[in-house]
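Notes for the one structure printed next.
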Amino acid sequence: MKKINFISPAKVNLTLEIIEKLPNGFHRLRSVMKKTENLFDEIEMVFDEKKKKIQILCTDKKIPTDKKNTCWKIAEKFFLASGKKVGITIKIKKNIPTLAGLGGGSSNAGGVLLALNQYFGNILNPKQLIQIAQEVGKDIPFFLQKEAVAYVTGAGEKLQSIEKFSKLNLLIINPLGEIGTGWAYGELDQKMWFMDNRQRKNLSQRMLKGCNSSENIGKSLYNDFAIVAQELFPVIVELKNCLLSLGAQGVSITGKGPTVIAIFRSKKEAIEIKETMRRNYPTFFVELA
């Protein structure tokens, strides 16, 4: 039996603009997305030629381990597209908070897709992999690219890799809560009367123009979901004010929230503030990203 081990990084949305609701129910968006360096799940895939079943084991009991799991879905689609089949056991050590806007499930699925393709000698080309990925989840194609940062458009499937991007000292704080995707978009549809207003500026492109500086990136952080996430988690406003007063170059949320992200000038400063936040919010998930 062959094994493939890999890490599955979280992601943060440095910008997230929802600009149109499509007839199929999805939304067009613009986003600058970045993979995290210090926050990731750990995955081991065991391949068994004698069996043809999929098995998922996960350290987080909240994660489904049946056909509802994105890793299961993407494996089935890979087998269908490639005409290949092998028994796999996917062992996931979860470190990324779930339903927190950090893309853990999408990252896991992307890693599984790449590992399956590797096992079968890269039988599918990048375009085919992206097609499979976007059928399972709109964030998954991002995790197939090598670069850490991308400008994401369409419904999440169109990627422009960004090679030159300032190193960021990121701190993430999750108030151990979850926001459902359907609820968040439903609320946004009601509150964002300016969603498709022609006068809207492209804030994601504005960030990319100044992406050689963490200070410029910090000033350009933006997320449309803040207006609904703060309804469920008023502590987001408290965290934002606190982090800015402690020297953050910028503060926002990632994904639909409620995870808060903050950029600091140095790693030393980020570590110091991490310890301060852990002392004052002992029940929250606080980590460098």
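Simple scheme: letters A, B, ... for chains in structure tokens order, numbers from 1 for residues in each chain, numbers from 1 for ligands in the order shown.
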
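Note that DSSP on the backbone gives strand (DSSP E or B) to these residues of range 90-173 of chain A: A:Ile90, A:Lys91, A:Ile92, A:Lys93, A:Val149, A:Ala150, A:Tyr151, A:Val152, A:Thr153, A:Lys158, A:Leu159, A:Gln160, A:Ser161, A:Ile162, A:Asn169, A:Leu170, A:Leu171, A:Ile172, A:Ile173.
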
Tell me which protein, DNA and RNA residues are within 10 Å of Glu37 in chain A, counting only C-alpha atoms, leaving out same-chain ones fewer than 2 positions away, and put them as a list in words.
->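 Contacts, in chain order: Pro9, Ala10, Lys11, Lys34, Lys35, Leu39, Phe40, Ala148, Leu168, Asn169, Leu170, Leu288 and Ala289 of chain A.
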
Writing out the chosen residues with N, CA, C and O atoms as a PDB file, in the first residue's frame:
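Written file, out39.pdb:
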```pdb
ATOM      1  N   PRO A   9      -3.213  23.890   3.596  1.00  0.00           N
ATOM      2  CA  PRO A   9      -3.254  25.205   4.247  1.00  0.00           C
ATOM      3  C   PRO A   9      -4.630  25.840   4.268  1.00  0.00           C
ATOM      4  O   PRO A   9      -5.480  25.557   3.420  1.00  0.00           O
ATOM      5  N   ALA A  10      -4.842  26.696   5.257  1.00  0.00           N
ATOM      6  CA  ALA A  10      -6.041  27.530   5.277  1.00  0.00           C
ATOM      7  C   ALA A  10      -5.850  28.663   4.276  1.00  0.00           C
ATOM      8  O   ALA A  10      -4.779  28.824   3.683  1.00  0.00           O
ATOM      9  N   LYS A  11      -6.889  29.451   4.075  1.00  0.00           N
ATOM     10  CA  LYS A  11      -6.787  30.641   3.233  1.00  0.00           C
ATOM     11  C   LYS A  11      -7.421  31.818   3.964  1.00  0.00           C
ATOM     12  O   LYS A  11      -8.280  31.652   4.844  1.00  0.00           O
ATOM     13  N   LYS A  34      -5.186  34.486  -0.094  1.00  0.00           N
ATOM     14  CA  LYS A  34      -3.815  34.087   0.259  1.00  0.00           C
ATOM     15  C   LYS A  34      -3.836  32.822   1.105  1.00  0.00           C
ATOM     16  O   LYS A  34      -4.625  32.696   2.040  1.00  0.00           O
ATOM     17  N   LYS A  35      -2.962  31.867   0.770  1.00  0.00           N
ATOM     18  CA  LYS A  35      -2.791  30.682   1.603  1.00  0.00           C
ATOM     19  C   LYS A  35      -2.004  31.055   2.857  1.00  0.00           C
ATOM     20  O   LYS A  35      -1.114  31.913   2.813  1.00  0.00           O
ATOM     21  N   LEU A  39      -0.911  27.934   9.465  1.00  0.00           N
ATOM     22  CA  LEU A  39      -2.130  27.233   9.831  1.00  0.00           C
ATOM     23  C   LEU A  39      -2.507  26.269   8.718  1.00  0.00           C
ATOM     24  O   LEU A  39      -2.785  26.689   7.592  1.00  0.00           O
ATOM     25  N   PHE A  40      -2.518  24.978   9.028  1.00  0.00           N
ATOM     26  CA  PHE A  40      -2.834  23.970   8.014  1.00  0.00           C
ATOM     27  C   PHE A  40      -3.302  22.675   8.679  1.00  0.00           C
ATOM     28  O   PHE A  40      -2.984  22.393   9.840  1.00  0.00           O
ATOM     29  N   ALA A 148       0.973  31.342  -3.645  1.00  0.00           N
ATOM     30  CA  ALA A 148       0.261  31.537  -2.376  1.00  0.00           C
ATOM     31  C   ALA A 148      -0.879  32.537  -2.497  1.00  0.00           C
ATOM     32  O   ALA A 148      -1.801  32.526  -1.680  1.00  0.00           O
ATOM     33  N   LEU A 168       3.380  38.831   4.712  1.00  0.00           N
ATOM     34  CA  LEU A 168       2.477  39.365   5.722  1.00  0.00           C
ATOM     35  C   LEU A 168       2.644  38.638   7.048  1.00  0.00           C
ATOM     36  O   LEU A 168       2.809  37.416   7.084  1.00  0.00           O
ATOM     37  N   ASN A 169       2.591  39.403   8.121  1.00  0.00           N
ATOM     38  CA  ASN A 169       2.575  38.843   9.467  1.00  0.00           C
ATOM     39  C   ASN A 169       1.118  38.862   9.933  1.00  0.00           C
ATOM     40  O   ASN A 169       0.620  39.878  10.416  1.00  0.00           O
ATOM     41  N   LEU A 170       0.464  37.735   9.721  1.00  0.00           N
ATOM     42  CA  LEU A 170      -0.977  37.645   9.933  1.00  0.00           C
ATOM     43  C   LEU A 170      -1.319  36.988  11.271  1.00  0.00           C
ATOM     44  O   LEU A 170      -0.713  35.984  11.659  1.00  0.00           O
ATOM     45  N   LEU A 288      -1.123  32.483  14.700  1.00  0.00           N
ATOM     46  CA  LEU A 288      -0.473  33.130  13.562  1.00  0.00           C
ATOM     47  C   LEU A 288      -0.888  32.387  12.296  1.00  0.00           C
ATOM     48  O   LEU A 288      -1.039  31.168  12.294  1.00  0.00           O
ATOM     49  N   ALA A 289      -1.056  33.149  11.231  1.00  0.00           N
ATOM     50  CA  ALA A 289      -1.442  32.526   9.977  1.00  0.00           C
ATOM     51  C   ALA A 289      -0.325  32.625   8.941  1.00  0.00           C
ATOM     52  O   ALA A 289      -0.417  32.036   7.902  1.00  0.00           O
TER      53      ALA A 289
END
```

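Minimum distance to Ala115 in chain A across A:Asp189, A:Glu44, A:Glu275, A:Glu163 (counting only C-alpha atoms) occurs at A:Glu44.
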
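In this comparison, which uses only C-alpha atoms, the residue of A:Val152, A:Cys211, A:Ile74, A:Ile173 approaching Arg278 in chain A most closely is A:Ile173.
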
Pairwise distance, CA of Glu76 in chain A with CA of Ile88 in chain A, equals 10.9 Å

Sel. of helix (DSSP H, G or I) residues, range 68-119 of chain A, as a list in words =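 Helix (DSSP H, G or I) assignments inside range 68-119 of chain A correspond to Thr70, Cys71, Trp72, Lys73, Ile74, Ala75, Glu76, Lys77, Phe78, Phe79, Leu80, Ala81, Ser82, Gly104, Gly105, Ser106, Ser107, Asn108, Ala109, Gly110, Gly111, Val112, Leu113, Leu114, Ala115, Leu116, Asn117, Gln118 and Tyr119 of chain A.
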